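Taking it in order: structure first as structure tokens, then the write-up.
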There are 2 protein chains.
Amino acid sequence: MKTIEGTETATLRRYRRACDYLAVAMIYLRDNTLLREPLRPEHLKPRPLGHWGTCPGLTLVYSGLNRLVRRTGQRTLLVTGPGHGAPAIHANLWLEGTHAEYDPALSLDGSGLAELVGRFSWPGGFPSHLSPEVPGVIHEGGELGYALATAFGAALDDPGLLVACVVGDGEAETGPTAASWHCEKFLDRVGGGNVLPILHLNGYKIASPTVYGTMSDDELVAYFTGCGWSPRIVDVTKAADADACLADALDAAHGDLAGDRPPMLVLRSAKGAGAPESDPEGTPLAGTFHAHQVPLSAARDDPDHLALLENWLRSYHPEELFGDDGVPAGDLLSVPPEGELRLGKVPQANGGLLRRDLPLPALEKFRVGLDRPGGAAASPTETAATWLAELMRATEDRRDFRVVCPDELESNKLGPLLTATARAFTREVPGYAEQLGADGRVMEVLSEHLCQGWLQGYLLTGRHGLFPCYEAFVSIVDGMVNQYAKFLKMSGEVAWRAPVASLNYLLTSEGWRQEHNGYSHQGPGFLNNMLTKKASVARVYLPADANTLLVTLEHCLASTDRINVVVAGKQATGVWLDLPEAREHFRAGAGVWHWASTDDGRDPDVVLACAGTVPTTETLAAAELLAESAPGLRVRVVNVVDLLSLAPAERHPHGLADPEFEACFGTDVPVVFAFHGYPSAVHEVLHGRPAPDRFHVHGYLEEGTTTTPFDLLASNRMTRHDLARAAVSHAGGDPATGEELLRRRDELLAHAFAHGEDAPEITGWRWS
Amino acid sequence: MKTIEGTETATLRRYRRACDYLAVAMIYLRDNTLLREPLRPEHLKPRPLGHWGTCPGLTLVYSGLNRLVRRTGQRTLLVTGPGHGAPAIHANLWLEGTHAEYDPALSLDGSGLAELVGRFSWPGGFPSHLSPEVPGVIHEGGELGYALATAFGAALDDPGLLVACVVGDGEAETGPTAASWHCEKFLDRVGGGNVLPILHLNGYKIASPTVYGTMSDDELVAYFTGCGWSPRIVDVTKAADADACLADALDAAHGDLAGDRPPMLVLRSAKGAGAPESDPEGTPLAGTFHAHQVPLSAARDDPDHLALLENWLRSYHPEELFGDDGVPAGDLLSVPPEGELRLGKVPQANGGLLRRDLPLPALEKFRVGLDRPGGAAASPTETAATWLAELMRATEDRRDFRVVCPDELESNKLGPLLTATARAFTREVPGYAEQLGADGRVMEVLSEHLCQGWLQGYLLTGRHGLFPCYEAFVSIVDGMVNQYAKFLKMSGEVAWRAPVASLNYLLTSEGWRQEHNGYSHQGPGFLNNMLTKKASVARVYLPADANTLLVTLEHCLASTDRINVVVAGKQATGVWLDLPEAREHFRAGAGVWHWASTDDGRDPDVVLACAGTVPTTETLAAAELLAESAPGLRVRVVNVVDLLSLAPAERHPHGLADPEFEACFGTDVPVVFAFHGYPSAVHEVLHGRPAPDRFHVHGYLEEGTTTTPFDLLASNRMTRHDLARAAVSHAGGDPATGEELLRRRDELLAHAFAHGEDAPEITGWRWS
């Protein structure tokens, strides 16, 4: 069924000519940007940069979506997987006037055009890839694979929104993208928007054919049908009228959005279409991978290349598209929609504008009551879950808070959340099931990549969320969080980007209590990765008990533009601080626990420091052991909740000022530090503090297997006995005391090996 | 077509009863392992550990494969995705006698049975998941997603080998697995073996239905047909005879291995089949996710649970399966194949036994000739590629060396490799293509996950390989390398595991020269992750020039059981050392470059240290600048090729002894260290060295965009001018000298911003 007239496609073709011209110009030209004079070497950028190959296809999609939006008024957000096709997106943004609105220098005339062309891939100008500086962008596409999951995150809980997502056939080879085709099973298309994936097959990546490009139409249809889609092949390489061909497909897809099986398009187009057939040396260009980046990069030095480039540029007839003043012809300006319907101006692409503070429930009702430190025991995550469930209820109408989790909600003792909402799943389940529902706001899938992608899309479009995860497996998304940290860092430098809710990780099922699942489940390295991030972005919190976790989550869920990593245990453990104390402790970042110390508030012989649930318990027990074994030793116990409070204040905004740091750690006293993760993380943060060598950090030494919790601590020299012995040793105490401590440890270990469980006095230990 | 007799299936059923019994026993029992007396609480492990849910399905597959192997003599390796189903695998290994061969205590009688059952999930015993301690295992399955890619790696270049791979339906949701279904397009089934994937759908993960479990048969068939397979649904939940049903499918698949479209099976079975229907509280167990782990975990304390557990155990009638002496009945022992055909004994599963040293070509022919330091320029990776190409030719007949790469071979200037082999791809390419071939030994796919999985499978089955990668994107496999490092660490503790070839990364297209691709392509954090690994496993090398890279790769490709990370540039850069010097420098790990120093070999005012291609160039240039600007300053230049040589010798085997360290860095002289990656990596490694505060490390500060190389250096304060200024400042020199250096830097920056390229004297700089 034809839904488009010939005159309309003629205009679209002209519009695309203009965009393609601008994209080529951006890659090569610094001057003579409208080609008003013969092209000379000095008009060219000395280092032509950019990726032509995907540009014509992206513009075909952009212009097709423009038409759809104009025709239907459909609110549409575009997520561009091949972010390296930035020139195409810039050209469209300029022609729709979005660029000029954000930056008057990019006005819709010859001066703006010259600025746009010259600024691309120029020092201080636009990067060669999409980035937060570019309007309409919630996904960079530098590291490939995450566009589709991000698109789904953006569509959640926004009924009426269409998220069109271009997936390149290079990106399609990645694991995260391959998993993302199943996301339709998690998107409630009644309570949320729609995602329209457009798999863009131009057949090649940098230097090879693509996997999807070599699949037959039958295979492609089978594959995507199997995933649950209603696929349609749009092969513009065989179409007489590419715009009409795509318009028909988009119109049909738009009509089918509410159907049982959602539509998706497979767009076949020639790579780098419009480039010369081959270069002067005979290397084929258009339609091959040789058009991937800069097909005629020698143009500045080689007259044959230059002539070919000029021909290529003139093949778009810029003189027919732009007036003498450089203003685009009127028909071109009629193609994009207007106002907030423009793809570059849709508010969801600057989601901070839409973000509302969460109605965070008061913590008091959820706190663990306490008459003395350690006077109660509670699972930190289970305690937090009751509060999170209340938050879930409080956002039931707003629907702007979600929890993503790789199938570990129950395992992480966050099950109470399921009293407030279901797990999102839109499929009929043939057998037994519990707590599933299309409108559920807990999203469980056994893919950390999908969890991360969904959450990024959800946050960047103005909503809030939490990502609880097994600590050891969150490193699966190291690459994604690296890129997201860059996105946030750059967003902070863009004046018009409004702050978005922070990305909050709750890392639990931590290694120290993965004694049953064993070595593969023990890995705290995500913290080391977070410490490589900018001080403006990354935060690492290690609340030691349930009340401190509540306070920490309250802070994180109210914060913006951060990546907050919160590590907390799920097993019941002592509660050391009541709520006001926890608040004060969190605010300070680190502090002395006088009630556990024996230094009368001054001049300790040794500081026992700790960060993390299990290390804190062991440290308190070590202090207790020392009180018996080395009663003359003046011991100070310091707990660290904000890891970055240890950093020098000039290096990190959370770093304790010197007097506060010294109030905790003195200046020359030995410190035995029990740390949740790799000791290197503490050494690294402490760098620049005076006399760092006095910090003796115990932590995970990459020793583990399936065993008892106490044996796991012993393998890594972090039992209470090891800590107490280290304290005695570094404070110059009696070596015999240390020996005796080790003997007691080994007695307990022997019990564990003989009986398969830790001795009761260990697992049942409480501060008193 | 029925290919199996009733008597045979009866035996298989009995065999599976024995395995299932043993698996349940392993999870719960410490004593009374043959149930010769009524079950009492004290017979139970205090903490029952394990995952029952997947066990019966794994045994069904294992026994079906046993029959196939006996019948056909087919060499078969089993890769088990759901490694948490370890009890099932252990039961099979015991019955086939593999366990007893590796450990006489696990003899095929009552004593061995008791030992097996008692040792599982017990401190000092077998971990609850598969691990290198378990015969037949090349994949742990703790972190899910990598079984299938590993299986493909194992099948490469081993014609006649069948790699059966069980993929759980939880694991199937992961990205890496979803991408792996396309691997058949890269496996040459003539020059290599076959992979038979068995997607095991039991419908549930920890607490939810699975995505694949809720797909219809039609969807599953469509999906896998689209991926290129010939899928067959094997639904034993509906079959009268599960063994016959699977046997038919396996026989048919085996017959079709050489067909156009390789076979794969979708096995539907009930989760935790055999467990009670529900627990005493009425929670459904068998066939639901409640059977995932330990269905009756309260058995020790609750008599109703205990009674149900006893019923469950007795439902297998162990008295019919094991004699009074605990020896399995003869018919059970007839099920597994014999010798090296047993799945636990196939030599490929202990691939170090098959590994042969590579015929590494002599380096001399490939070195860059040199009459003085910096007297030549060369691209390190391109130089290495000519040598690697020769190695590729030298292994043409052996076919035990491959290069995996995420579509970046050409981009990384490793194109010369393609003179020696093609890129592996088995599909017809509809359009233009270059250098593709089914038998190619370069494997390019736009998925770091697949590259890593392929290489792991290839190495663990006794072969060799190299993984060149864009530095910034290798963090995509952080999770995988974390697990692989654990696998190697544990393998080293297993006496019978023979050493395998090291996993070698060549990280290039490094951030400092990703000025064109921009911020998303700049990220050296993989090094920080590697530094969290055991000293027995991880190595980090930063050769500064082409000759040193040759020497480094020669070392790495000859090494075993390591993860070697080599970082080197691809752009032409100065060559500083001739081959003998490079060898000596590499052997030392770090050393003084006297020819660039002005301290006459003693008492420098400042040390300029460097590690990495770009930092070395800048440091040498800084030394040159200082010779002009601060001629009185005694400067020593130190280059570090082995990052871990900086670590204290007691902490790392590569750490320089104190005298050697002091010969480089003195004891109290300021050191300005130009480092390739995040400065924190150097601080961390230096921890424990005396006076670490005198090391002023310049490195990547997470500042970047699309710009010029020089501007990128300037943003991170690592230009030669910044380094020289820091040297003057830390050595107490004239501040005016520093100011003048910065002025000169800013002049060059102004040039870069105005002209879009660095000033020629920067990019053209040569040591002379």
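Residue names in the structure tokens use chain letters A, B, ... in the order shown, residue numbers from 1 in each chain, and ligand numbers from 1 in the order shown.
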Distance table requested - region 365-450 of chain B against region 288-302 of chain A, cut-off 9 Å, only C-alpha atoms: one row per qualifying residue with the closest atom pair and its distance in Å to one decimal, ordered by chain and rising residue number, as a tab-separated table.
```
residue	atom	partner	partner_atom	distance
B:Gly431	CA	A:Thr288	CA	7.9
B:Tyr432	CA	A:Thr288	CA	6.3
B:Ala433	CA	A:Thr288	CA	7.9
```
Quick one: DSSP helix (DSSP H, G or I) residues in region 193-360 of chain B, as an MDAnalysis selection string?
chainID B and resid 212:214 217:227 242:255 289:291 303:314 318:321 330:333 339:341 347:353
If you measure from CA of Leu333 (chain B) to CA of Leu460 (chain B), what distance in Å do you get, rounded to one decimal?
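Computed distance, CA of Leu333 (chain B) to CA of Leu460 (chain B), equals 29.0 Å.
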Pick out the residues sitting within 6 Å of Val641 (chain B), and hand them over as a VMD selection string; count only C-alpha atoms, and ignore anything fewer than 3 positions along from it in its own chain.
chain B and resid 541 to 543 589 to 590
Within 6 Å of region 102-117 of chain A using only C-alpha atoms, minus same-chain residues under 5 positions, as a PyMOL selection string
chain A and resi 26+33+325-327
Could you pull the residues within 6 Å of Tyr470 (chain B), counting only C-alpha atoms, minus those fewer than 6 positions along the same chain, as a PyMOL selection string?
chain B and resi 507-509
Quick one: everything within 9 Å of Val79 (chain A), counting only C-alpha atoms, minus sequence neighbours fewer than 6 positions away in the same chain. Send it as a list of chain:residue names.
A:Gly136, A:Val137, A:Ile138, A:His139, A:Glu140, A:Ala147, A:Leu148, A:Thr150, A:Ala151, A:Val163, A:Ala164, A:Cys165, A:Val166, A:Val167
Using only C-alpha atoms: which of A:Gly569, A:Pro127, A:Pro690, A:Gly57 has the shortest distance to Ser520 (chain B)
A:Pro127
I'd like the contact shell of region 279-287 of chain B - 8 Å cut-off, only C-alpha atoms, skipping same-chain residues fewer than 2 positions apart - returned as a ChimeraX atom specification.
/B:202,270-277,289-291,295-296,304-305,308
The selected residues should be written to file as a CSV table (one decimal), in the first residue's frame (atoms: N, CA, C and O atoms).
```
chain,number,residue,atom,x,y,z
B,202,ASN,N,14.8,-25.6,31.2
B,202,ASN,CA,13.9,-26.1,32.3
B,202,ASN,C,13.0,-25.0,32.8
B,202,ASN,O,12.3,-25.2,33.8
B,270,ALA,N,11.9,-30.9,33.0
B,270,ALA,CA,11.4,-30.2,34.2
B,270,ALA,C,12.5,-29.9,35.1
B,270,ALA,O,13.4,-30.7,35.4
B,271,LYS,N,12.5,-28.6,35.6
B,271,LYS,CA,13.5,-28.2,36.5
B,271,LYS,C,13.5,-29.1,37.8
B,271,LYS,O,12.4,-29.3,38.4
B,272,GLY,N,14.7,-29.6,38.2
B,272,GLY,CA,14.7,-30.3,39.4
B,272,GLY,C,13.9,-31.6,39.4
B,272,GLY,O,13.4,-32.0,40.5
B,273,ALA,N,13.7,-32.2,38.3
B,273,ALA,CA,12.8,-33.4,38.2
B,273,ALA,C,13.3,-34.4,39.2
B,273,ALA,O,14.5,-34.6,39.3
B,274,GLY,N,12.4,-35.0,39.8
B,274,GLY,CA,12.7,-36.1,40.8
B,274,GLY,C,12.6,-35.6,42.2
B,274,GLY,O,12.4,-36.4,43.2
B,275,ALA,N,12.7,-34.3,42.4
B,275,ALA,CA,12.5,-33.7,43.8
B,275,ALA,C,11.0,-33.9,44.2
B,275,ALA,O,10.1,-34.1,43.3
B,276,PRO,N,10.7,-33.8,45.4
B,276,PRO,CA,9.3,-33.9,45.8
B,276,PRO,C,8.4,-32.8,45.1
B,276,PRO,O,8.9,-31.7,44.7
B,277,GLU,N,7.1,-33.1,45.0
B,277,GLU,CA,6.2,-32.2,44.3
B,277,GLU,C,6.2,-30.8,45.1
B,277,GLU,O,6.1,-29.8,44.5
B,289,PHE,N,11.0,-23.0,40.0
B,289,PHE,CA,12.3,-22.4,40.4
B,289,PHE,C,12.6,-22.7,41.9
B,289,PHE,O,13.7,-22.5,42.3
B,290,HIS,N,11.6,-23.2,42.7
B,290,HIS,CA,11.9,-23.5,44.0
B,290,HIS,C,12.8,-24.7,44.2
B,290,HIS,O,13.3,-25.0,45.2
B,291,ALA,N,13.0,-25.4,43.1
B,291,ALA,CA,13.9,-26.5,43.1
B,291,ALA,C,15.3,-26.1,42.6
B,291,ALA,O,16.2,-26.9,42.4
B,295,PRO,N,16.2,-27.7,47.8
B,295,PRO,CA,14.7,-27.6,48.0
B,295,PRO,C,14.3,-27.8,49.5
B,295,PRO,O,13.3,-27.2,49.9
B,296,LEU,N,15.0,-28.6,50.2
B,296,LEU,CA,14.5,-29.0,51.6
B,296,LEU,C,15.7,-28.6,52.5
B,296,LEU,O,16.2,-29.4,53.3
B,304,ASP,N,9.7,-33.0,59.4
B,304,ASP,CA,8.9,-33.2,58.1
B,304,ASP,C,9.8,-33.1,56.9
B,304,ASP,O,9.7,-33.8,55.9
B,305,HIS,N,10.7,-32.1,56.9
B,305,HIS,CA,11.6,-31.9,55.8
B,305,HIS,C,12.5,-33.1,55.7
B,305,HIS,O,12.8,-33.6,54.6
B,308,LEU,N,10.8,-36.1,54.2
B,308,LEU,CA,10.6,-35.9,52.8
B,308,LEU,C,11.9,-36.1,52.0
B,308,LEU,O,11.9,-36.7,50.9
```
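Closest approach to chain A among B:Val236, B:Ala535, B:Ala23, B:Ala247 is made by B:Ala535 (distances from only C-alpha atoms).
Candidate residues A:His751, A:Arg562, A:Arg75, A:Arg463 were compared for distance to chain B, and the nearest is A:His751, using only C-alpha atoms.
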Separation of CA of Tyr678 (chain B) from CA of Gln522 (chain B), in Å and rounded to one decimal:
11.0 Å
Among the residues B:Gly153, B:Pro499, B:Gly479, B:Gly704, the one that comes closest to Arg355 (chain B) [using only C-alpha atoms]:
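Counting only C-alpha atoms, the residue closest to Arg355 (chain B) is B:Pro499.
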